[in-house]
Amino acid sequence: MALLKRTSPSSFSPLKYISLPSLLIWVMATYIILDLGMHLSTSEDGHVHSQVIKSIKSKISETAAEEEENGSAVMEDGRNADCNSVEAHMDVQEDQPRKPEDPWNQLKWGLPPAECRVKGHLIERLDPLNNYRRGVALGFTTDLDDKTQIEQWFLGTKEDLNKAKRRVFIDLGANEFTTSFLWFMQRYPCDFTEIHAFEADPNLFKFPTGWDEEANWIQEPGWGKVKSRAGFVPSWLLERIHYYNKYAGVVDNVSAVNITRFMKEELKLTPEDTVIVKMDIEGAEWNILYDWVKDPEMPQIIDELFVELHYWHPDNKWDFKRWGRVDATRMLADLRFRGFYAHYWD
């Protein structure tokens with residue numbers, strides 16, 4: 001049975017696909033039917049009342065049919081009902097015609113909002129052409145690890161994810177401590193109560209020296225300051241980290257862990273928890289994601305997903321010839337269609 005996420009209690013509301021005009025018609029029809037029902041037993045012309053009721057029902061049916069044909073029904077989260085397909089989420093920046101004044105390709109570091117919302121929130125439009133290190137691709141920076149384009153779309157800036165008692169960050173492919181792992185700890189607007197880092201290469205993920213705030217605080221008359229925090233992290237953060245020298249995948253063995261089972265059975269994550277997942281596992285992501293788009297519980301458990309999809313293209317030289325750029329774009333669209341608030345991670 002699918003789990004219900006705390007942020008979407010209205011997901012199964014019967015009003016989900018009813019627009020405001022239809023709702024008003026239903027209310028009026030209900031009132032008229034009840035009023036007629038009170039008089040029907042005493043009326044000498046029940047046939048007239050019957051015809052009125054049939055007329056009302058016919059009008060309601062016509063309105064519903066018209067909305068279905070025009071695709072004008074609006075869902076509770078503000079999305080158009082047309083977004084209920086993978087194809088609708090394939091709305092991409094790449095196919096937009098070039099213009100003399102083109103802010104999204106000439107000026108903006110980020111991307112415009114997609115037509116379809118996810119979890120009731122705006123999310124960036126997909127950009128297959130420049131999704132891989134967009135800032136570098138557009139010439140805005142030479143920093144290959146720059147993530148400027150994604151920060152404005154953090155779910156944590158749209159919801160207070162700190163309200164959950166349990167706040168979990170899962171890093172699949174953590175690499176070195178000072179790379180994306182530390183970036184999330186410093187930049188994502190959530191105080192994670194537990195962190196799970198998976199890195200198969202034992203030579204990469206190394207715990208740094210913990211920062212002792214008290215030992216580095218200089219108290220002077222009227223003000224205080226710290227000596228330096230460069231290269232250090234608070235000791236209390238290190239105590240929250242669980243490190244696994246294993247591959248994340250779809251099976252359990254000596255060197256790998258079935259990450260879906262791990263999240264559900266070992267961590268026992270629920271929709272009440274805040275769960276942020278970053279995935280960069282050199283091609284192993286595909287089998288995991290194929291499972292996740294078929295598992296209705298996972299988008300309820302995971303609040304936000306950052307995933308680097310590896311595929312073959314002359315621009316990136318990756319040797320993943322089974323998948324191309326279209327496959328990667330479609331997977332992101334499919335994830336969003338299933339309810340994952342998902343972004344390209346590069």
# chains A, B, ... in the order shown; residues from 1 in each chain; ligands from 1
$ residues_around --residues "region 250-267 of chain A" --least-positions-apart "3" --cutoff "8 Å" --atoms "only C-alpha atoms" --output "PDB file with N, CA and C atoms, in the first residue's frame"
ATOM      1  N   ALA A 200      32.260   3.729  -2.406  1.00  0.00           N
ATOM      2  CA  ALA A 200      32.879   2.419  -2.594  1.00  0.00           C
ATOM      3  C   ALA A 200      34.403   2.467  -2.572  1.00  0.00           C
ATOM      4  N   ASN A 245      31.367   1.853   3.277  1.00  0.00           N
ATOM      5  CA  ASN A 245      32.309   1.600   2.192  1.00  0.00           C
ATOM      6  C   ASN A 245      31.722   0.519   1.279  1.00  0.00           C
ATOM      7  N   LYS A 246      30.615   0.888   0.604  1.00  0.00           N
ATOM      8  CA  LYS A 246      29.905  -0.044  -0.267  1.00  0.00           C
ATOM      9  C   LYS A 246      29.326   0.686  -1.472  1.00  0.00           C
ATOM     10  N   TYR A 247      29.017  -0.116  -2.496  1.00  0.00           N
ATOM     11  CA  TYR A 247      28.308   0.406  -3.656  1.00  0.00           C
ATOM     12  C   TYR A 247      26.817   0.478  -3.326  1.00  0.00           C
ATOM     13  N   THR A 270      10.062   7.047   6.755  1.00  0.00           N
ATOM     14  CA  THR A 270       8.626   7.194   6.524  1.00  0.00           C
ATOM     15  C   THR A 270       8.349   8.548   5.887  1.00  0.00           C
ATOM     16  N   ASN A 287      19.466   1.384 -12.835  1.00  0.00           N
ATOM     17  CA  ASN A 287      18.676   0.267 -12.307  1.00  0.00           C
ATOM     18  C   ASN A 287      17.895   0.662 -11.058  1.00  0.00           C
ATOM     19  N   ILE A 288      18.495   1.510 -10.233  1.00  0.00           N
ATOM     20  CA  ILE A 288      17.785   1.984  -9.041  1.00  0.00           C
ATOM     21  C   ILE A 288      16.571   2.813  -9.447  1.00  0.00           C
TER      22      ILE A 288
END
$ select_by_dssp --residues "region 170-300 of chain A" --states "strand (DSSP E)" --output "MDAnalysis selection string"
chainID A and resid 170:172 194:198 210:211 217:220 223:226 233:234 241:244 247:249 256:258 274:279
$ select_by_dssp --residues "region 101-263 of chain A" --states "helix (DSSP H, G or I)" --output "ChimeraX atom specification"
/A:103-106,134-137,148-151,155-157,161-163,177-187,214-216,235-238,259-263
$ write_last_selection --atoms "N, CA and C atoms" --output "compact mmCIF listing (two decimals), in the first residue's frame"
# COMPACT_ATOMS: atom_id res chain seq x y z
N PRO A 103 17.35 35.68 -22.55
CA PRO A 103 17.96 35.70 -21.22
C PRO A 103 18.39 34.33 -20.71
N TRP A 104 17.64 33.28 -21.07
CA TRP A 104 17.94 31.96 -20.50
C TRP A 104 19.18 31.32 -21.13
N ASN A 105 19.62 31.82 -22.27
CA ASN A 105 20.82 31.29 -22.90
C ASN A 105 21.93 32.33 -23.03
N GLN A 106 21.63 33.58 -22.68
CA GLN A 106 22.62 34.63 -22.83
C GLN A 106 22.96 35.33 -21.52
N ARG A 134 26.05 23.51 -16.20
CA ARG A 134 25.45 24.59 -16.99
C ARG A 134 26.28 25.87 -16.96
N GLY A 135 26.77 26.25 -15.78
CA GLY A 135 27.55 27.48 -15.69
C GLY A 135 28.78 27.45 -16.57
N VAL A 136 29.45 26.29 -16.61
CA VAL A 136 30.64 26.13 -17.45
C VAL A 136 30.24 26.09 -18.92
N ALA A 137 29.14 25.36 -19.22
CA ALA A 137 28.69 25.22 -20.61
C ALA A 137 28.35 26.57 -21.23
N THR A 148 25.45 26.85 -8.95
CA THR A 148 24.63 28.05 -8.82
C THR A 148 23.23 27.85 -9.40
N GLN A 149 23.12 27.13 -10.52
CA GLN A 149 21.85 27.01 -11.22
C GLN A 149 20.80 26.23 -10.44
N ILE A 150 21.20 25.49 -9.41
CA ILE A 150 20.25 24.60 -8.75
C ILE A 150 19.79 25.11 -7.38
N GLU A 151 20.55 26.00 -6.78
CA GLU A 151 20.24 26.42 -5.41
C GLU A 151 18.89 27.11 -5.29
N LEU A 155 13.97 22.49 -2.56
CA LEU A 155 12.67 22.33 -1.91
C LEU A 155 12.70 22.96 -0.52
N GLY A 156 13.88 22.95 0.09
CA GLY A 156 14.03 23.54 1.42
C GLY A 156 13.82 25.04 1.46
N THR A 157 13.77 25.70 0.30
CA THR A 157 13.45 27.13 0.26
C THR A 157 11.96 27.36 0.05
N LEU A 161 11.58 22.24 5.88
CA LEU A 161 11.88 20.83 6.09
C LEU A 161 12.46 20.56 7.47
N ASN A 162 12.75 21.61 8.22
CA ASN A 162 13.28 21.44 9.57
C ASN A 162 12.20 21.09 10.59
N LYS A 163 10.93 21.14 10.17
CA LYS A 163 9.84 20.82 11.09
C LYS A 163 9.81 19.34 11.44
N PHE A 177 35.14 13.96 1.25
CA PHE A 177 34.33 14.68 2.22
C PHE A 177 34.12 16.14 1.81
N THR A 178 35.16 16.74 1.24
CA THR A 178 35.11 18.18 0.94
C THR A 178 34.47 18.50 -0.40
N THR A 179 33.94 17.50 -1.11
CA THR A 179 33.29 17.79 -2.39
C THR A 179 31.80 18.04 -2.18
N SER A 180 30.95 17.31 -2.88
CA SER A 180 29.51 17.57 -2.80
C SER A 180 28.94 17.33 -1.41
N PHE A 181 29.55 16.42 -0.67
CA PHE A 181 29.05 16.12 0.67
C PHE A 181 29.08 17.37 1.55
N LEU A 182 30.23 18.00 1.65
CA LEU A 182 30.35 19.20 2.48
C LEU A 182 29.53 20.34 1.89
N TRP A 183 29.42 20.38 0.56
CA TRP A 183 28.62 21.42 -0.10
C TRP A 183 27.18 21.36 0.39
N PHE A 184 26.61 20.17 0.46
CA PHE A 184 25.23 20.03 0.94
C PHE A 184 25.12 20.42 2.41
N MET A 185 26.10 20.04 3.20
CA MET A 185 26.05 20.38 4.63
C MET A 185 26.06 21.89 4.83
N GLN A 186 26.79 22.59 3.97
CA GLN A 186 26.92 24.04 4.12
C GLN A 186 25.82 24.82 3.42
N ARG A 187 25.28 24.30 2.31
CA ARG A 187 24.40 25.11 1.47
C ARG A 187 22.92 24.74 1.55
N GLU A 214 34.64 26.35 21.09
CA GLU A 214 35.09 26.99 22.32
C GLU A 214 36.60 27.23 22.32
N ALA A 215 37.34 26.25 21.80
CA ALA A 215 38.79 26.37 21.82
C ALA A 215 39.30 27.44 20.85
N ASN A 216 38.46 27.86 19.93
CA ASN A 216 38.89 28.83 18.92
C ASN A 216 38.16 30.16 19.02
N SER A 235 32.52 19.44 15.27
CA SER A 235 32.63 18.07 15.77
C SER A 235 31.26 17.41 15.87
N TRP A 236 30.23 18.20 16.22
CA TRP A 236 28.90 17.61 16.37
C TRP A 236 28.35 17.10 15.04
N LEU A 237 28.77 17.71 13.92
CA LEU A 237 28.33 17.23 12.62
C LEU A 237 28.94 15.86 12.32
N LEU A 238 30.21 15.69 12.64
CA LEU A 238 30.88 14.42 12.38
C LEU A 238 30.20 13.28 13.13
N ILE A 259 19.81 -0.31 -2.03
CA ILE A 259 19.54 0.96 -1.36
C ILE A 259 18.06 1.15 -1.04
N THR A 260 17.18 0.61 -1.86
CA THR A 260 15.74 0.73 -1.58
C THR A 260 15.39 -0.04 -0.32
N ARG A 261 15.87 -1.27 -0.23
CA ARG A 261 15.63 -2.07 0.97
C ARG A 261 16.25 -1.41 2.19
N PHE A 262 17.46 -0.89 2.01
CA PHE A 262 18.17 -0.24 3.11
C PHE A 262 17.36 0.93 3.68
N MET A 263 16.81 1.75 2.79
CA MET A 263 16.05 2.92 3.23
C MET A 263 14.75 2.52 3.92
$ residues_around --residues "Pro112 (chain A)" --least-positions-apart "5" --cutoff "9 Å" --atoms "only C-alpha atoms" --output "list in words"
Gln93, Trp104, Ile123, Glu124 and Arg125 of chain A
$ closest_residue --among "A:Phe207, A:Phe198, A:Phe192, A:Trp153" --to "Gly249 (chain A)" --atoms "only C-alpha atoms"
A:Phe198
$ residues_around --residues "Phe320 (chain A)" --least-positions-apart "5" --cutoff "10 Å" --atoms "only C-alpha atoms" --output "ChimeraX atom specification"
/A:282-283,310-313
$ write_last_selection --atoms "C-alpha atoms" --output "PDB file, in the first residue's frame"
ATOM      1  CA  GLU A 282      28.661   6.248 -12.279  1.00  0.00           C
ATOM      2  CA  GLY A 283      25.874   4.488 -14.174  1.00  0.00           C
ATOM      3  CA  HIS A 310      25.317   9.032 -16.954  1.00  0.00           C
ATOM      4  CA  TYR A 311      24.822   8.587 -20.690  1.00  0.00           C
ATOM      5  CA  TRP A 312      26.798   8.609 -23.911  1.00  0.00           C
ATOM      6  CA  HIS A 313      27.233  11.827 -25.840  1.00  0.00           C
TER       7      HIS A 313
END
$ atom_distance --atom1 "CA of His196 (chain A)" --atom2 "CA of Leu126 (chain A)"
28.2 Å
$ atom_distance --atom1 "CA of Arg166 (chain A)" --atom2 "CA of Tyr290 (chain A)"
27.2 Å
$ closest_residue --among "A:Glu239, A:Glu199, A:Asp102, A:Glu194" --to "Trp211 (chain A)" --atoms "only C-alpha atoms"
A:Glu239
$ residues_around --residues "Ile195 (chain A)" --least-positions-apart "2" --cutoff "9 Å" --atoms "only C-alpha atoms" --output "ChimeraX atom specification"
/A:167-171,192-193,197,237,240-243
$ closest_atom_pairs --of "region 198-307 of chain A" --to "region 328-334 of chain A" --cutoff "10 Å" --atoms "only C-alpha atoms" --output "JSON lines"
{"residue": "A:Trp286", "atom": "CA", "partner": "A:Met331", "partner_atom": "CA", "distance": 8.8}
{"residue": "A:Leu289", "atom": "CA", "partner": "A:Met331", "partner_atom": "CA", "distance": 8.1}
{"residue": "A:Tyr290", "atom": "CA", "partner": "A:Met331", "partner_atom": "CA", "distance": 8.5}
{"residue": "A:Val293", "atom": "CA", "partner": "A:Asp334", "partner_atom": "CA", "distance": 7.1}
{"residue": "A:Val307", "atom": "CA", "partner": "A:Leu332", "partner_atom": "CA", "distance": 8.8}
